[in-house]
$ cat upload28.cif   # mmCIF, C-alpha atoms
data_input
loop_
_atom_site.label_atom_id
_atom_site.label_comp_id
_atom_site.auth_asym_id
_atom_site.auth_seq_id
_atom_site.Cartn_x
_atom_site.Cartn_y
_atom_site.Cartn_z
CA MET A 29 -69.61 83.46 6.29
CA ILE A 30 -67.62 80.24 6.55
CA ASN A 31 -69.13 77.29 4.71
CA GLU A 32 -67.64 74.14 6.25
CA GLU A 33 -69.21 71.90 3.61
CA GLU A 34 -67.56 73.85 0.80
CA ILE A 35 -64.18 73.73 2.56
CA ALA A 36 -64.52 70.01 3.25
CA HIS A 37 -65.47 69.31 -0.38
CA PHE A 38 -62.41 71.22 -1.61
CA ILE A 39 -60.05 69.31 0.72
CA ILE A 40 -61.63 65.95 -0.14
CA GLU A 41 -61.08 66.56 -3.85
CA ARG A 42 -57.40 67.24 -3.13
CA ILE A 43 -57.12 64.03 -1.14
CA LYS A 44 -58.65 62.07 -4.00
CA GLU A 45 -55.93 63.29 -6.38
CA THR A 46 -53.11 61.29 -4.72
CA PRO A 47 -53.00 57.95 -2.87
CA ALA A 48 -51.42 59.61 0.17
CA THR A 49 -51.53 63.31 1.01
CA LEU A 50 -49.42 64.99 3.69
CA GLY A 51 -51.13 67.14 6.30
CA ALA A 52 -48.76 70.03 5.60
CA GLN A 53 -49.71 69.91 1.93
CA LEU A 54 -53.43 69.94 2.66
CA GLY A 55 -53.02 72.79 5.12
CA ALA A 56 -51.08 74.87 2.61
CA VAL A 57 -53.61 74.54 -0.21
CA ALA A 58 -56.59 74.96 2.12
CA ASN A 59 -55.17 78.14 3.66
CA ALA A 60 -54.42 79.51 0.18
CA ARG A 61 -57.99 78.76 -0.99
CA PHE A 62 -59.70 79.94 2.22
CA PRO A 63 -57.36 82.57 3.75
CA GLY A 64 -59.89 83.62 6.40
CA VAL A 65 -60.06 80.17 7.99
CA ASN A 66 -57.84 79.27 10.94
CA PHE A 67 -58.22 75.51 11.35
CA ARG A 68 -56.26 75.39 14.59
CA LEU A 69 -58.17 78.13 16.39
CA SER A 70 -61.62 77.33 15.01
CA TYR A 71 -61.58 73.53 14.92
CA GLY A 72 -58.51 72.36 16.84
CA GLY A 73 -56.56 71.66 13.66
CA LEU A 74 -57.10 70.23 10.19
CA ARG A 75 -57.39 66.68 11.53
CA GLU A 76 -60.27 67.57 13.83
CA PHE A 77 -61.99 69.54 11.06
CA LEU A 78 -61.92 66.56 8.70
CA LYS A 79 -63.09 64.19 11.42
CA LYS A 80 -66.17 66.38 11.82
CA PHE A 81 -66.87 67.43 8.24
CA GLY A 82 -64.91 65.06 6.02
CA GLY A 83 -67.02 61.93 6.34
CA PRO A 84 -66.03 58.31 6.85
CA GLU A 85 -64.34 57.97 3.44
CA ILE A 86 -61.28 59.87 4.66
CA GLU A 87 -58.64 57.72 6.35
CA ILE A 88 -56.32 59.63 8.69
CA VAL A 89 -53.00 58.00 9.55
CA ARG A 90 -51.49 59.69 12.61
CA GLY A 91 -47.85 60.72 12.41
CA GLN A 92 -45.31 60.08 15.15
CA ALA A 93 -42.32 62.03 16.50
CA GLY A 94 -43.41 65.30 14.91
CA MET A 95 -44.04 63.75 11.48
CA ASP A 96 -46.99 64.69 9.26
CA ASP A 97 -50.35 63.00 9.34
CA ILE A 98 -51.24 61.13 6.14
CA TYR A 99 -54.70 61.51 4.56
CA ARG A 100 -56.11 58.91 2.16
CA TRP A 101 -59.37 58.41 0.31
CA ARG A 102 -60.84 55.02 1.14
CA GLY A 103 -62.37 54.73 -2.31
CA ALA A 104 -58.97 54.95 -4.04
CA GLY A 105 -58.77 51.14 -4.21
CA ALA A 106 -56.96 48.58 -2.11
CA GLY A 107 -54.14 48.34 -4.64
CA ALA A 108 -53.13 52.00 -4.52
CA GLU A 109 -49.46 52.44 -3.77
CA VAL A 110 -48.20 54.98 -1.27
CA PRO A 111 -45.07 56.59 -2.79
CA SER A 112 -42.91 57.16 0.27
CA VAL A 113 -40.54 55.37 2.59
CA GLY A 114 -42.10 55.26 6.05
CA VAL A 115 -45.69 55.83 4.84
CA PRO A 116 -47.88 52.82 5.67
CA LYS A 117 -50.55 51.29 3.44
CA THR A 118 -52.75 50.42 6.42
CA GLU A 119 -54.10 52.38 9.35
CA THR A 120 -50.95 52.26 11.45
CA PRO A 121 -48.71 55.05 12.78
CA VAL A 122 -46.27 56.59 10.36
CA ALA A 123 -42.87 54.93 10.78
CA THR A 124 -39.99 57.17 11.75
CA PHE A 125 -36.73 57.22 9.81
CA PRO A 126 -33.81 55.29 11.32
CA ARG A 127 -31.18 57.71 12.63
CA TYR A 128 -28.86 57.15 9.66
CA GLU A 129 -31.73 57.82 7.23
CA MET A 130 -32.84 61.19 8.62
CA PRO A 131 -33.32 63.60 5.68
CA TRP A 132 -31.80 66.45 7.70
CA ARG A 133 -28.67 64.41 8.39
CA ILE A 134 -28.36 63.26 4.77
CA PHE A 135 -28.68 66.83 3.46
CA THR A 136 -26.40 68.55 5.96
CA VAL A 137 -23.54 66.04 6.30
CA PRO A 138 -21.41 65.97 3.11
CA GLU A 139 -19.97 62.54 3.98
CA SER A 140 -23.33 60.98 4.88
CA HIS A 141 -24.15 57.62 3.30
CA GLY A 142 -27.33 58.14 1.35
CA ARG A 143 -29.04 60.38 -1.18
CA LEU A 144 -31.98 62.72 -0.72
CA TYR A 145 -34.92 62.82 -3.14
CA ILE A 146 -38.13 64.86 -3.23
CA HIS A 147 -41.39 64.33 -5.09
CA PRO A 148 -42.07 67.54 -7.09
CA GLU A 149 -45.85 67.21 -6.86
CA SER A 150 -46.62 65.83 -3.39
CA GLY A 151 -43.60 67.20 -1.47
CA ILE A 152 -42.66 63.76 -0.15
CA VAL A 153 -39.04 63.58 1.04
CA GLN A 154 -37.29 60.24 0.63
CA VAL A 155 -33.84 58.91 1.52
CA VAL A 156 -32.14 56.25 -0.59
CA GLN A 157 -29.04 54.44 0.62
CA ASP A 158 -25.90 54.56 -1.54
CA ASP A 159 -26.20 50.96 -2.69
CA ASP A 160 -29.90 51.20 -3.55
CA ALA A 161 -31.44 52.25 -6.84
CA ALA A 162 -33.05 55.66 -7.21
CA PRO A 163 -36.82 55.85 -6.70
CA GLU A 164 -39.25 56.18 -9.58
CA ALA A 165 -38.36 58.67 -12.30
CA LEU A 166 -40.62 61.42 -10.98
CA PHE A 167 -38.48 61.84 -7.85
CA ILE A 168 -35.68 64.43 -8.07
CA GLU A 169 -32.37 64.21 -6.20
CA VAL A 170 -31.42 67.18 -4.02
CA PRO A 171 -27.65 67.78 -3.79
CA LYS A 172 -26.21 67.75 -0.28
CA LEU A 173 -24.56 70.70 1.38
CA THR A 174 -20.84 70.87 0.65
CA LYS A 175 -18.01 71.43 3.08
CA GLU A 176 -17.34 74.84 1.56
CA GLU A 177 -20.97 75.86 2.00
CA HIS A 178 -20.67 74.98 5.69
CA ARG A 179 -17.52 77.08 5.82
CA GLN A 180 -19.40 79.95 4.16
CA ILE A 181 -22.18 79.75 6.75
CA ALA A 182 -19.60 79.97 9.55
CA THR A 183 -17.78 82.80 7.78
CA ASP A 184 -20.97 84.84 7.48
CA PHE A 185 -21.66 84.27 11.19
CA LEU A 186 -18.44 86.14 12.04
CA LEU A 187 -20.37 89.43 11.80
CA GLN A 188 -22.32 88.38 14.89
CA ILE A 189 -19.14 87.81 16.93
CA ASP A 190 -17.58 90.63 18.96
CA LEU A 191 -14.58 92.24 17.30
CA ASP A 192 -12.32 91.30 20.20
CA ASP A 193 -13.23 87.62 19.78
CA ARG A 194 -13.50 87.49 15.99
CA GLY A 195 -9.83 86.83 15.31
CA ARG A 196 -9.89 83.49 17.11
CA PHE A 197 -12.87 82.28 15.08
CA GLN A 198 -11.37 83.54 11.82
CA GLU A 199 -8.22 81.56 12.51
CA THR A 200 -10.27 78.41 13.10
CA LEU A 201 -11.91 78.74 9.68
CA GLN A 202 -8.53 78.63 7.93
CA ALA A 203 -7.93 75.03 8.99
CA GLU A 204 -8.75 72.23 6.57
CA ASP A 205 -10.55 70.32 9.33
CA PHE A 206 -12.23 73.49 10.61
CA TRP A 207 -15.60 71.94 11.44
CA GLN A 208 -14.87 70.25 14.78
CA LYS A 209 -12.58 73.08 15.89
CA TRP A 210 -15.27 75.62 15.08
CA PHE A 211 -17.90 73.80 17.14
CA THR A 212 -15.46 73.31 20.02
CA THR A 213 -14.67 77.02 20.01
CA THR A 214 -18.33 78.04 19.99
CA ARG A 215 -18.99 75.72 22.94
CA ILE A 216 -16.21 76.96 25.21
CA TRP A 217 -15.33 80.52 24.12
CA ALA A 218 -16.46 83.13 26.67
CA GLY A 219 -18.50 80.53 28.51
CA GLY A 220 -20.30 79.44 25.34
CA LYS A 221 -21.91 82.84 24.72
CA TYR A 222 -21.98 82.25 20.94
CA LEU A 223 -23.28 78.67 20.92
CA ARG A 224 -27.03 79.32 20.92
CA PRO A 225 -26.86 82.21 18.40
CA TRP A 226 -24.65 80.05 16.16
CA LEU A 227 -27.00 77.05 16.23
CA ALA A 228 -30.02 79.24 15.43
CA TYR A 229 -28.16 81.03 12.63
CA ARG A 230 -26.87 77.75 11.16
CA PHE A 231 -30.37 76.23 11.18
CA ASP A 232 -31.84 79.19 9.29
CA ARG A 233 -29.03 79.23 6.72
CA ILE A 234 -29.30 75.48 6.07
CA CYS A 235 -33.01 75.96 5.43
CA ASP A 236 -32.17 78.79 3.03
CA PHE A 237 -29.73 76.57 1.14
CA PHE A 238 -32.37 73.84 0.92
CA ARG A 239 -34.93 76.25 -0.54
CA GLN A 240 -32.34 77.50 -3.02
CA ARG A 241 -31.71 73.92 -4.10
CA LEU A 242 -35.43 73.40 -4.69
CA ASP A 243 -35.77 76.69 -6.59
CA ALA A 244 -32.92 75.64 -8.87
CA LEU A 245 -34.73 72.33 -9.50
CA GLY A 246 -37.88 74.18 -10.53
CA ILE A 247 -39.99 73.14 -7.52
CA SER A 248 -43.04 75.33 -6.91
CA ASP A 249 -43.19 77.49 -3.79
CA SER A 250 -46.08 75.53 -2.28
CA VAL A 251 -44.36 72.17 -2.70
CA ALA A 252 -41.02 73.61 -1.56
CA ALA A 253 -42.67 74.77 1.67
CA ILE A 254 -43.92 71.22 2.28
CA CYS A 255 -40.46 69.74 1.59
CA LEU A 256 -38.83 72.21 3.95
CA GLU A 257 -41.30 71.42 6.71
CA ARG A 258 -40.61 67.72 6.21
CA LEU A 259 -36.86 68.39 6.47
CA LYS A 260 -37.34 70.34 9.71
CA GLN A 261 -39.49 67.55 11.16
CA SER A 262 -36.75 65.02 10.51
CA LYS A 263 -34.29 67.20 12.44
CA ALA A 264 -36.69 67.35 15.39
CA ALA A 265 -37.09 63.56 15.27
CA ASP A 266 -33.30 63.16 15.18
CA ARG A 267 -32.84 64.74 18.61
CA PRO A 268 -31.94 62.33 21.41
CA ASN A 269 -34.82 61.27 23.63
CA PRO A 270 -34.13 62.87 27.05
CA VAL A 271 -36.28 60.25 28.78
CA ALA A 272 -34.66 57.23 27.13
CA LYS A 273 -31.13 58.51 27.66
CA LYS A 274 -30.35 59.26 31.28
CA ARG A 275 -27.64 61.73 32.06
CA PRO A 276 -24.56 60.37 33.80
CA PRO A 277 -23.99 61.53 37.37
CA PRO A 278 -22.24 64.91 37.53
CA ILE A 279 -18.49 64.92 38.04
CA SER A 280 -17.02 67.16 40.67
CA PRO A 281 -15.19 70.11 39.07
CA THR A 282 -12.24 69.39 41.31
CA SER A 283 -11.91 65.72 40.35
CA ASP A 284 -8.81 64.65 38.45
CA GLU A 285 -10.78 63.17 35.54
CA SER A 286 -12.91 66.32 35.15
CA LEU A 287 -9.86 68.57 35.06
CA ARG A 288 -8.22 66.36 32.45
CA ASN A 289 -11.33 66.50 30.25
CA ILE A 290 -11.48 70.28 30.54
CA ALA A 291 -7.80 70.49 29.62
CA ARG A 292 -8.30 68.30 26.53
CA VAL A 293 -11.19 70.45 25.30
CA ALA A 294 -9.20 73.64 25.86
CA LEU A 295 -6.10 72.27 24.08
CA ASN A 296 -8.13 71.19 21.06
CA ALA A 297 -9.51 74.73 20.71
CA MET A 298 -6.12 76.47 20.95
CA SER A 299 -4.12 77.62 17.95
CA GLU A 300 -0.49 76.61 17.39
CA GLU A 301 0.63 80.06 18.50
CA GLU A 302 -1.36 79.77 21.73
CA LEU A 303 0.08 76.31 22.37
CA ARG A 304 3.61 77.69 21.99
CA ARG A 305 2.87 80.29 24.66
CA LEU A 306 1.56 77.66 27.06
CA TRP A 307 3.70 77.20 30.21
CA LEU A 308 4.26 73.60 31.31
CA PRO A 309 6.57 72.07 33.95
CA LEU A 310 9.87 71.10 32.25
CA GLY A 311 9.88 67.66 33.86
CA VAL A 312 6.41 66.86 32.47
CA VAL A 313 7.48 67.89 28.95
CA ALA A 314 10.69 65.85 29.19
CA ASP A 315 8.80 62.76 30.34
CA ALA A 316 6.30 63.14 27.48
CA VAL A 317 9.10 63.41 24.90
CA ARG A 318 10.85 60.37 26.40
CA ARG A 319 7.64 58.28 26.23
CA ARG A 320 7.07 59.32 22.63
CA ASP A 321 10.63 58.32 21.61
CA THR A 322 10.33 54.88 23.21
CA GLN A 323 7.00 54.03 21.55
#
$ encode --input "upload28.cif" --output "structure tokens"
Amino acid sequence: MINEEEIAHFIIERIKETPATLGAQLGAVANARFPGVNFRLSYGGLREFLKKFGGPEIEIVRGQAGMDDIYRWRGAGAGAEVPSVGVPKTETPVATFPRYEMPWRIFTVPESHGRLYIHPESGIVQVVQDDDAAPEALFIEVPKLTKEEHRQIATDFLLQIDLDDRGRFQETLQAEDFWQKWFTTTRIWAGGKYLRPWLAYRFDRICDFFRQRLDALGISDSVAAICLERLKQSKAADRPNPVAKKRPPPISPTSDESLRNIARVALNAMSEEELRRLWLPLGVVADAVRRRDTQ
């Protein structure tokens, strides 16, 4: 028989241990301690459970844009510090990361400006800009993905590409600046049939690399799960807002500008050998060479 008071007491004691506790962290430890309890189905979620059984001493700070809720113990003292960028000290919504500070972007882009840190006990993920000092000593830096690791992810994806198409993708991976060419090819090849499978595969592999990084740093499985969830949330928050950004009016496929754009995309995806086989009017080629020589 489920004893809500016992469950609430256990969760409250966990909240008391740190000035700010993430909802994902609480959910993980509560599910491990009480495996037969489904907070979402039985109570509408952990937040609703604590509102009903947790008492007025628990302060719940609602997260925004897919970010975690923050749980605090009101008796912790007014001077308690909250060890995270974007985590408020008052009852206000959790601030979202600026676009250039998204943990997902910092981890996945080798040339990104910033460094990624995690807290090995609470699972808090924090971004520090290049010119700023590292956070307190307890935080651990997580190395970014490298260009060669991105190339390895794409190389492994080749097994999911049809044999007849695989050669074109293999050729793309040989280029030094393979990244943009690879994405262009996945978008346009065979009507974009590989784009969705590639994006899903890439997402899963990046998450695998992140977990491997945390394992190498000695992070426990429970904390690593919280860090990974935080990383995924930052990717979701990084997506453009479809309401705020209106789509431009469609261009007729027969318009001159549309055809030129299609041609540019196709040319960028073609290999040197394919370009050499391309037939062009001699007069157009001669005019292009003449303009180049006079510039």
$ closest_residue --input "upload28.cif" --among "A:Glu199, A:Glu85, A:Gln53, A:Arg61" --to "Asp97 in chain A" --atoms "only C-alpha atoms"
A:Gln53
$ residues_near_point --input "upload28.cif" --point "(-58.6, 61.7, 8.9)" --cutoff "6 Å" --atoms "only C-alpha atoms" --output "list in words"
Arg75, Leu78, Lys79, Ile86, Glu87, Ile88 and Tyr99 of chain A
$ write_last_selection --input "upload28.cif" --atoms "C-alpha atoms" --output "PDB file, in the coordinates of the input"
ATOM      1  CA  ARG A  75     -57.390  66.680  11.530  1.00  0.00           C
ATOM      2  CA  LEU A  78     -61.920  66.560   8.700  1.00  0.00           C
ATOM      3  CA  LYS A  79     -63.090  64.190  11.420  1.00  0.00           C
ATOM      4  CA  ILE A  86     -61.280  59.870   4.660  1.00  0.00           C
ATOM      5  CA  GLU A  87     -58.640  57.720   6.350  1.00  0.00           C
ATOM      6  CA  ILE A  88     -56.320  59.630   8.690  1.00  0.00           C
ATOM      7  CA  TYR A  99     -54.700  61.510   4.560  1.00  0.00           C
TER       8      TYR A  99
END
$ atom_distance --input "upload28.cif" --atom1 "CA of Arg196 in chain A" --atom2 "CA of Thr212 in chain A"
12.0 Å
$ closest_residue --input "upload28.cif" --among "A:Gln198, A:Ser248, A:Asn66, A:Thr174" --to "Ile234 in chain A" --atoms "all atoms listed in the file"
A:Thr174
$ residues_around --input "upload28.cif" --residues "Phe197 in chain A" --least-positions-apart "3" --cutoff "12 Å" --atoms "all atoms listed in the file" --output "PyMOL selection string"
chain A and resi 179+182-194+200-203+206-207+209-217+222+297-299
$ closest_residue --input "upload28.cif" --among "A:Ile98, A:Ile181, A:Leu166, A:Ser262" --to "Leu227 in chain A" --atoms "all atoms listed in the file"
A:Ile181
$ residues_around --input "upload28.cif" --residues "Leu173 in chain A" --least-positions-apart "4" --cutoff "10 Å" --atoms "all atoms listed in the file" --output "ChimeraX atom specification"
/A:134-139,177-178,234,237-238,241
$ closest_residue --input "upload28.cif" --among "A:Lys175, A:Arg233, A:Gly220, A:Glu32" --to "Glu204 in chain A" --atoms "only C-alpha atoms"
A:Lys175
$ closest_residue --input "upload28.cif" --among "A:Phe38, A:Phe231, A:Trp226, A:Phe62" --to "Leu259 in chain A" --atoms "only C-alpha atoms"
A:Phe231
$ resolve_selection --input "upload28.cif" --expression "the PyMOL selection byres ((chain A and resi 142) around 8)" --output "PyMOL selection string"
chain A and resi 129+134+140-141+143-144+155-158
$ atom_distance --input "upload28.cif" --atom1 "CA of Glu34 in chain A" --atom2 "CA of Arg68 in chain A"
17.9 Å
